[in-house]
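One file, final10.txt, is given below (compact mmCIF, C-alpha atoms).
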```txt
# COMPACT_ATOMS: atom_id res chain seq x y z
CA MET A 11 20.68 -48.87 -72.18
CA ASP A 12 24.18 -48.36 -70.74
CA SER A 13 23.30 -50.38 -67.63
CA LEU A 14 21.89 -53.13 -69.83
CA HIS A 15 25.04 -53.32 -71.96
CA SER A 16 27.18 -53.36 -68.82
CA ALA A 17 25.19 -56.27 -67.39
CA ILE A 18 25.39 -58.14 -70.70
CA SER A 19 29.17 -57.65 -70.82
CA LEU A 20 29.55 -59.06 -67.33
CA ALA A 21 27.56 -62.18 -68.25
CA SER A 22 29.16 -62.74 -71.66
CA VAL A 23 31.73 -65.51 -72.17
CA ALA A 24 32.05 -65.23 -75.97
CA PRO A 25 35.27 -63.47 -77.06
CA GLY A 26 35.68 -61.46 -80.25
CA PRO A 27 33.62 -58.70 -81.91
CA LEU A 28 29.93 -58.40 -81.16
CA LEU A 29 27.79 -60.13 -83.78
CA TRP A 30 24.59 -58.59 -82.46
CA ARG A 31 23.16 -55.21 -81.54
CA LEU A 32 20.08 -54.08 -79.67
CA VAL A 33 17.55 -51.80 -81.35
CA SER A 34 14.15 -50.46 -80.38
CA LYS A 35 11.33 -51.64 -82.62
CA GLU A 36 7.82 -50.25 -82.40
CA GLY A 37 5.43 -52.84 -81.08
CA PHE A 38 8.26 -55.13 -79.95
CA GLY A 39 10.42 -53.04 -77.63
CA ARG A 40 14.08 -54.10 -77.50
CA VAL A 41 15.02 -56.43 -80.34
CA LEU A 42 18.27 -58.27 -80.96
CA VAL A 43 19.43 -57.99 -84.60
CA ALA A 44 22.44 -59.23 -86.54
CA ALA A 45 25.31 -56.73 -86.60
CA CYS A 46 26.59 -58.27 -89.84
CA ASP A 47 25.71 -61.07 -92.24
CA LEU A 48 25.74 -64.32 -90.25
CA PRO A 49 26.01 -67.75 -91.93
CA ALA A 50 23.92 -70.61 -90.59
CA GLY A 51 25.49 -72.20 -87.53
CA THR A 52 27.19 -69.03 -86.27
CA LEU A 53 27.62 -68.76 -82.50
CA VAL A 54 26.18 -65.31 -81.90
CA CYS A 55 26.72 -65.15 -78.16
CA SER A 56 27.27 -67.25 -75.07
CA GLU A 57 26.52 -66.07 -71.56
CA ARG A 58 26.48 -67.10 -67.93
CA PRO A 59 22.91 -67.38 -66.62
CA LEU A 60 21.51 -64.98 -64.06
CA VAL A 61 19.61 -67.78 -62.35
CA VAL A 62 19.69 -71.57 -62.45
CA ALA A 63 16.97 -73.18 -60.35
CA PRO A 64 15.98 -76.85 -59.98
CA VAL A 65 12.36 -77.62 -60.74
CA ALA A 66 10.34 -78.48 -57.64
CA ALA A 67 9.58 -82.14 -57.02
CA ALA A 68 6.23 -83.62 -57.93
CA SER A 69 5.40 -83.78 -54.23
CA SER A 70 5.63 -79.98 -53.96
CA PRO A 71 2.54 -77.74 -54.16
CA ALA A 72 1.28 -77.47 -57.74
CA ALA A 73 1.65 -73.67 -57.64
CA LEU A 74 5.43 -74.06 -57.20
CA ARG A 75 6.06 -76.63 -59.92
CA GLY A 76 7.56 -75.66 -63.29
CA GLU A 77 10.64 -73.90 -64.65
CA ALA A 78 9.19 -70.39 -64.32
CA GLN A 79 8.11 -71.01 -60.75
CA ALA A 80 11.56 -72.38 -59.87
CA VAL A 81 13.26 -69.25 -61.21
CA ALA A 82 10.73 -66.96 -59.50
CA VAL A 83 11.35 -68.65 -56.14
CA ALA A 84 15.11 -68.26 -56.63
CA LEU A 85 14.68 -64.54 -57.39
CA LEU A 86 12.52 -64.09 -54.30
CA GLU A 87 15.14 -65.73 -52.11
CA SER A 88 18.18 -64.11 -53.77
CA PRO A 89 17.27 -61.11 -55.96
CA VAL A 90 19.50 -60.51 -59.00
CA GLU A 91 19.85 -56.87 -59.98
CA ALA A 92 20.20 -57.54 -63.71
CA ALA A 93 16.89 -59.47 -63.75
CA ALA A 94 15.11 -56.14 -63.21
CA LEU A 95 16.09 -55.29 -66.80
CA LEU A 96 13.90 -58.06 -68.19
CA CYS A 97 10.33 -57.61 -69.40
CA SER A 98 7.20 -59.05 -67.83
CA PRO A 99 3.99 -60.30 -69.54
CA ALA A 100 2.02 -57.85 -71.68
CA HIS A 101 -1.47 -59.30 -71.27
CA GLY A 102 -4.33 -56.97 -72.10
CA GLU A 103 -6.21 -55.83 -69.02
CA GLY A 104 -9.27 -57.99 -68.46
CA SER A 105 -8.31 -60.48 -71.18
CA ALA A 106 -8.62 -64.22 -70.64
CA GLU A 107 -4.84 -64.43 -70.61
CA ALA A 108 -4.55 -61.76 -67.92
CA VAL A 109 -7.18 -63.54 -65.82
CA ALA A 110 -5.37 -66.87 -66.20
CA PHE A 111 -2.05 -65.30 -65.17
CA ASP A 112 -3.70 -63.60 -62.19
CA VAL A 113 -4.99 -66.97 -61.00
CA ALA A 114 -1.56 -68.59 -61.36
CA ALA A 115 0.19 -65.60 -59.76
CA ASP A 116 -2.22 -65.52 -56.82
CA ALA A 117 -1.64 -69.24 -56.22
CA PHE A 118 2.12 -68.77 -56.47
CA ALA A 119 2.11 -65.83 -54.05
CA ALA A 120 -0.04 -67.80 -51.61
CA ALA A 121 2.50 -70.64 -51.75
CA CYS A 122 5.26 -68.15 -50.80
CA PRO A 123 3.76 -66.61 -47.64
CA SER A 124 7.11 -65.36 -46.33
CA HIS A 125 7.52 -63.02 -49.33
CA ASP A 126 5.67 -59.90 -50.42
CA SER A 127 2.76 -60.85 -52.68
CA ALA A 128 3.37 -58.12 -55.26
CA THR A 129 7.04 -59.04 -55.53
CA ALA A 130 6.19 -62.72 -55.94
CA ARG A 131 3.74 -61.91 -58.73
CA HIS A 132 6.29 -59.68 -60.47
CA TRP A 133 9.06 -62.28 -60.50
CA LEU A 134 6.71 -64.99 -61.68
CA GLY A 135 5.72 -62.73 -64.57
CA VAL A 136 9.34 -62.03 -65.50
CA ALA A 137 10.26 -65.71 -65.29
CA SER A 138 7.22 -66.90 -67.23
CA VAL A 139 8.19 -65.02 -70.41
CA ASN A 140 11.99 -65.30 -70.19
CA VAL A 141 12.86 -68.70 -68.72
CA HIS A 142 14.65 -71.42 -70.68
CA ALA A 143 13.96 -75.02 -69.74
CA ALA A 144 16.79 -77.52 -69.32
CA GLU A 145 16.81 -81.22 -68.56
CA ARG A 146 19.03 -83.77 -66.83
CA PRO A 147 18.36 -82.47 -64.24
CA ALA A 148 15.17 -80.48 -64.84
CA ARG A 149 15.84 -76.82 -64.15
CA GLY A 150 14.81 -73.33 -65.11
CA VAL A 151 17.54 -71.09 -66.54
CA LEU A 152 17.26 -67.32 -66.85
CA GLY A 153 19.62 -65.37 -69.10
CA LEU A 154 19.91 -61.71 -69.99
CA LEU A 155 20.89 -61.33 -73.64
CA THR A 156 19.21 -64.66 -74.45
CA SER A 157 15.94 -63.11 -73.22
CA MET A 158 16.04 -60.32 -75.82
CA MET A 159 14.98 -62.20 -78.96
CA GLN A 160 11.59 -61.70 -80.55
CA HIS A 161 9.42 -64.67 -81.47
CA ASP A 162 9.02 -66.15 -84.94
CA CYS A 163 7.44 -69.49 -85.85
CA THR A 164 10.26 -69.93 -88.40
CA PRO A 165 13.07 -68.59 -86.23
CA SER A 166 16.50 -67.47 -87.41
CA ALA A 167 18.27 -68.78 -84.31
CA HIS A 168 17.91 -71.07 -81.32
CA VAL A 169 19.09 -71.09 -77.70
CA THR A 170 20.79 -74.07 -76.10
CA VAL A 171 21.54 -74.63 -72.42
CA GLY A 172 24.80 -76.26 -71.46
CA SER A 173 25.27 -78.97 -68.86
CA GLU A 174 24.70 -78.24 -65.20
CA ALA A 175 28.30 -79.20 -64.46
CA GLY A 176 29.46 -76.62 -67.01
CA GLY A 177 27.43 -73.82 -65.44
CA SER A 178 24.29 -74.09 -67.62
CA LEU A 179 25.79 -71.64 -70.12
CA LEU A 180 23.26 -70.16 -72.57
CA SER A 181 24.29 -70.02 -76.22
CA LEU A 182 22.54 -68.40 -79.18
CA ARG A 183 23.32 -69.87 -82.60
CA THR A 184 21.84 -69.12 -86.02
CA CYS A 185 19.91 -71.94 -87.68
CA ARG A 186 19.94 -70.32 -91.14
CA ASP A 187 21.72 -67.46 -92.91
CA VAL A 188 20.79 -64.13 -91.30
CA ALA A 189 21.29 -60.80 -93.08
CA GLN A 190 22.73 -57.74 -91.37
CA GLY A 191 19.98 -55.89 -89.50
CA GLU A 192 17.61 -58.89 -89.53
CA PRO A 193 16.10 -59.81 -86.16
CA LEU A 194 17.62 -62.74 -84.33
CA SER A 195 14.45 -64.60 -83.47
CA ILE A 196 13.61 -67.80 -81.64
CA SER A 197 10.39 -69.75 -81.28
CA TYR A 198 8.71 -69.37 -77.90
CA VAL A 199 6.67 -72.53 -78.47
CA VAL A 200 7.16 -75.98 -79.97
CA SER A 201 7.24 -75.29 -83.69
CA TYR A 202 5.76 -78.62 -84.81
CA GLN A 203 2.19 -77.59 -84.09
CA PRO A 204 -0.64 -76.31 -86.31
CA THR A 205 -0.99 -72.55 -86.60
CA ALA A 206 -4.09 -72.36 -84.41
CA ASP A 207 -2.35 -74.24 -81.59
CA ARG A 208 0.79 -72.09 -81.77
CA ARG A 209 -1.22 -68.88 -81.78
CA ALA A 210 -3.38 -70.00 -78.86
CA GLN A 211 -0.33 -70.93 -76.80
CA LEU A 212 1.47 -67.66 -77.58
CA LEU A 213 -1.62 -65.63 -76.74
CA SER A 214 -2.15 -67.52 -73.49
CA GLN A 215 1.47 -67.56 -72.30
CA HIS A 216 2.93 -64.39 -73.82
CA GLY A 217 -0.01 -62.10 -74.48
CA PHE A 218 0.22 -61.58 -78.23
CA ARG A 219 -1.32 -62.97 -81.41
CA CYS A 220 1.47 -64.10 -83.73
CA ALA A 221 1.46 -62.43 -87.14
CA CYS A 222 4.68 -63.90 -88.52
CA HIS A 223 4.92 -65.01 -92.16
CA ARG A 224 4.35 -68.65 -91.26
CA CYS A 225 1.13 -67.89 -89.37
CA GLU A 226 -0.22 -65.39 -91.88
CA GLN A 227 0.79 -66.75 -95.29
CA ALA A 228 2.74 -70.01 -95.27
CA PRO A 229 1.07 -73.37 -96.00
CA GLU A 230 0.12 -75.47 -92.99
CA LEU A 231 3.02 -77.89 -93.25
CA VAL A 232 2.30 -79.84 -90.08
CA ARG A 233 -1.29 -80.69 -90.96
CA CYS A 234 -1.92 -83.31 -93.62
CA PHE A 235 -4.70 -85.64 -94.69
CA VAL A 236 -4.72 -88.83 -96.70
CA CYS A 237 -6.93 -88.56 -99.77
CA HIS A 238 -10.36 -89.91 -98.80
CA SER A 239 -11.05 -91.25 -102.27
CA CYS A 240 -7.93 -93.22 -103.10
CA GLY A 241 -5.93 -93.22 -99.86
CA GLU A 242 -2.81 -91.88 -101.57
CA ASP A 243 -0.53 -88.99 -100.70
CA ALA A 244 -1.50 -86.19 -98.33
CA ALA A 245 -3.49 -82.99 -98.66
CA ARG A 246 -1.84 -79.88 -97.21
CA TRP A 247 -3.09 -76.32 -97.24
CA SER A 248 -3.13 -73.06 -95.35
CA ALA A 249 -5.24 -73.04 -92.21
CA SER A 250 -7.22 -70.12 -93.59
CA ALA A 251 -8.27 -72.19 -96.59
CA ALA A 252 -9.50 -75.21 -94.63
CA ALA A 253 -13.15 -74.50 -95.44
CA THR A 254 -12.73 -75.08 -99.18
CA PRO A 255 -10.96 -77.79 -101.17
CA PRO A 256 -7.40 -76.93 -102.18
CA ARG A 257 -6.75 -76.25 -105.84
CA SER A 258 -3.16 -77.50 -105.95
CA THR A 259 -2.62 -80.85 -107.63
CA THR A 260 -0.46 -81.84 -104.64
CA SER A 261 -3.54 -81.79 -102.39
CA ARG A 262 -5.14 -84.92 -103.79
CA GLY A 263 -4.15 -88.50 -104.39
CA GLN A 264 -2.34 -89.40 -107.59
CA SER A 265 -5.27 -91.51 -108.78
CA CYS A 266 -8.17 -89.15 -108.34
CA SER A 267 -9.41 -85.59 -107.83
CA PRO A 268 -10.98 -84.08 -104.69
CA PRO A 269 -14.63 -85.03 -104.10
CA SER A 270 -17.06 -82.73 -105.84
CA ASP A 271 -19.26 -82.57 -102.76
CA ARG A 272 -17.65 -79.75 -100.77
CA ALA A 273 -19.64 -80.49 -97.60
CA THR A 274 -18.50 -84.12 -97.60
CA TRP A 275 -14.93 -83.06 -98.31
CA ALA A 276 -14.91 -80.49 -95.48
CA SER A 277 -16.47 -82.96 -93.03
CA ALA A 278 -13.83 -85.58 -93.79
CA CYS A 279 -11.03 -83.07 -93.40
CA ALA A 280 -12.43 -81.83 -90.10
CA ALA A 281 -12.46 -85.41 -88.79
CA SER A 282 -8.85 -85.83 -89.87
CA THR A 283 -7.93 -82.57 -88.18
CA ARG A 284 -9.31 -83.84 -84.88
CA THR A 285 -7.41 -87.11 -85.24
CA THR A 286 -4.16 -85.33 -86.10
CA THR A 287 -4.56 -82.90 -83.18
CA ARG A 288 -5.18 -85.75 -80.71
CA TRP A 289 -2.10 -87.57 -82.01
CA TRP A 290 0.04 -84.43 -81.66
CA ARG A 291 -1.11 -83.78 -78.10
CA ARG A 292 -0.41 -87.37 -77.08
CA THR A 293 3.04 -87.17 -78.71
CA ALA A 294 3.86 -83.81 -77.08
CA ALA A 295 2.87 -85.18 -73.67
CA THR A 296 5.24 -88.15 -73.82
```
Output the file's structure as structure tokens, nothing else.
Amino acid sequence: MDSLHSAISLASVAPGPLLWRLVSKEGFGRVLVAACDLPAGTLVCSERPLVVAPVAAASSPAALRGEAQAVAVALLESPVEAAALLCSPAHGEGSAEAVAFDVAADAFAAACPSHDSATARHWLGVASVNVHAAERPARGVLGLLTSMMQHDCTPSAHVTVGSEAGGSLLSLRTCRDVAQGEPLSISYVVSYQPTADRRAQLLSQHGFRCACHRCEQAPELVRCFVCHSCGEDAARWSASAAATPPRSTTSRGQSCSPPSDRATWASACAASTRTTTRWWRRTAAT
């Protein structure tokens, strides 16, 4: 832990008392928590990145394209000692996620024939779960302290990457009030997705099934359906309750009640789900 704190101190550019502390949490490993009560908008830390790497051009081999691949190539060519302190993926042995990573890692290693295959796979793993993407120009940015936050679909903080001209500084800022001892969390995925999509992406890319409050208990706020009887308002409900009509009066149009035929109701909602999902994927791709 001393070597980690020393490396963090060297990278830090934020003066003043530390607003964070690192603790060990069962099932999560190292977790960054608030050292005191932090109002929304507080700059928790700012650090110089360990690696800044331009994303490979579209004409490059597919196995080398992407922010994680760019950072992994940079680490292969110029190893950074502090990067060894970062975690790698925790996919279950033999799982679909582990198999998918093995395929990607094998392709990446094959595209880097001048480097040791095991080392190439290791750095790709580290980069894949810790990289921050930046644009204008497209680049992968790897930090140290800003790689220590746990995931939450309703995060307490967010990371921003500064301009390339300014050194691509990484800053962590709270997006709501955070109590002392509360984890400083970020979202590893795009938050404006249905629960099933977020969970699938987290499982595929990071090796865990999210069990945060939003995934387990909160209403599905990004999925809505126009009432099929009157066309008014929108029906929203938890993903776990999608098989039965919602009981809340906010889940039907102002002029009518939900259809009495549950099979018809469920079929209509399923069709709307498919339409909404297609729209989201088209939007996310643009």
Atom CA of Cys185 of chain A to atom CA of Cys222 of chain A, distance in Å rounded to a single decimal: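 Pair atom CA of Cys185 of chain A / atom CA of Cys222 of chain A returns 17.2 Å.
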Shell of 9 Å around segment 45-55 of chain A, only C-alpha atoms, local chain residues under 4 positions omitted, as a PyMOL selection string: chain A and resi 22-25+28-31+155-156+166-167+180-192
Select from segment 106-203 of chain A every residue with an atom at most 10 Å from any atom of segment 90-101 of chain A, then for each give the shortest pair of atoms and their distance in Å to one decimal, using only C-alpha atoms, rows by chain and rising number, as JSON lines.
```
{"residue": "A:Ala106", "atom": "CA", "partner": "A:His101", "partner_atom": "CA", "distance": 8.7}
{"residue": "A:Glu107", "atom": "CA", "partner": "A:His101", "partner_atom": "CA", "distance": 6.2}
{"residue": "A:Ala108", "atom": "CA", "partner": "A:His101", "partner_atom": "CA", "distance": 5.2}
{"residue": "A:Val109", "atom": "CA", "partner": "A:His101", "partner_atom": "CA", "distance": 9.0}
{"residue": "A:Ala110", "atom": "CA", "partner": "A:His101", "partner_atom": "CA", "distance": 9.9}
{"residue": "A:Phe111", "atom": "CA", "partner": "A:His101", "partner_atom": "CA", "distance": 8.6}
{"residue": "A:His132", "atom": "CA", "partner": "A:Ser98", "partner_atom": "CA", "distance": 7.4}
{"residue": "A:Trp133", "atom": "CA", "partner": "A:Ser98", "partner_atom": "CA", "distance": 8.2}
{"residue": "A:Leu134", "atom": "CA", "partner": "A:Ser98", "partner_atom": "CA", "distance": 8.6}
{"residue": "A:Gly135", "atom": "CA", "partner": "A:Ser98", "partner_atom": "CA", "distance": 5.1}
{"residue": "A:Val136", "atom": "CA", "partner": "A:Ser98", "partner_atom": "CA", "distance": 4.3}
{"residue": "A:Ala137", "atom": "CA", "partner": "A:Ser98", "partner_atom": "CA", "distance": 7.8}
{"residue": "A:Ser138", "atom": "CA", "partner": "A:Pro99", "partner_atom": "CA", "distance": 7.7}
{"residue": "A:Val139", "atom": "CA", "partner": "A:Pro99", "partner_atom": "CA", "distance": 6.4}
{"residue": "A:Asn140", "atom": "CA", "partner": "A:Leu96", "partner_atom": "CA", "distance": 7.8}
{"residue": "A:Leu152", "atom": "CA", "partner": "A:Ala93", "partner_atom": "CA", "distance": 8.4}
{"residue": "A:Gly153", "atom": "CA", "partner": "A:Ala93", "partner_atom": "CA", "distance": 8.4}
{"residue": "A:Leu154", "atom": "CA", "partner": "A:Leu96", "partner_atom": "CA", "distance": 7.3}
{"residue": "A:Leu155", "atom": "CA", "partner": "A:Leu96", "partner_atom": "CA", "distance": 9.4}
{"residue": "A:Ser157", "atom": "CA", "partner": "A:Leu96", "partner_atom": "CA", "distance": 7.4}
{"residue": "A:Met158", "atom": "CA", "partner": "A:Leu96", "partner_atom": "CA", "distance": 8.2}
```
Separation of atom CA of Gly150 of chain A from atom CA of Gln79 of chain A, in Å and rounded to one decimal: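 So the answer is 8.3 Å.
We find atom CA of Ile18 of chain A and atom CA of Pro59 of chain A to be spaced 10.4 Å apart.
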Using all atoms listed in the file, what table do you get, as CSV, when you list each residue of segment 150-184 of chain A with an atom no more than 12 Å from segment 205-208 of chain A, its nearest pair of atoms, and their distance in Å rounded to one decimal, rows by chain then rising number?
```
residue,atom,partner,partner_atom,distance
A:His161,CA,A:Arg208,CA,11.4
A:Asp162,CA,A:Arg208,CA,10.6
A:Cys163,CA,A:Arg208,CA,8.2
A:Thr164,CA,A:Thr205,CA,11.7
```
Contacts of Arg146 of chain A within 9 Å, all atoms listed in the file, excl. fewer than 3 positions in-chain, as a ChimeraX atom specification: /A:149,173-174
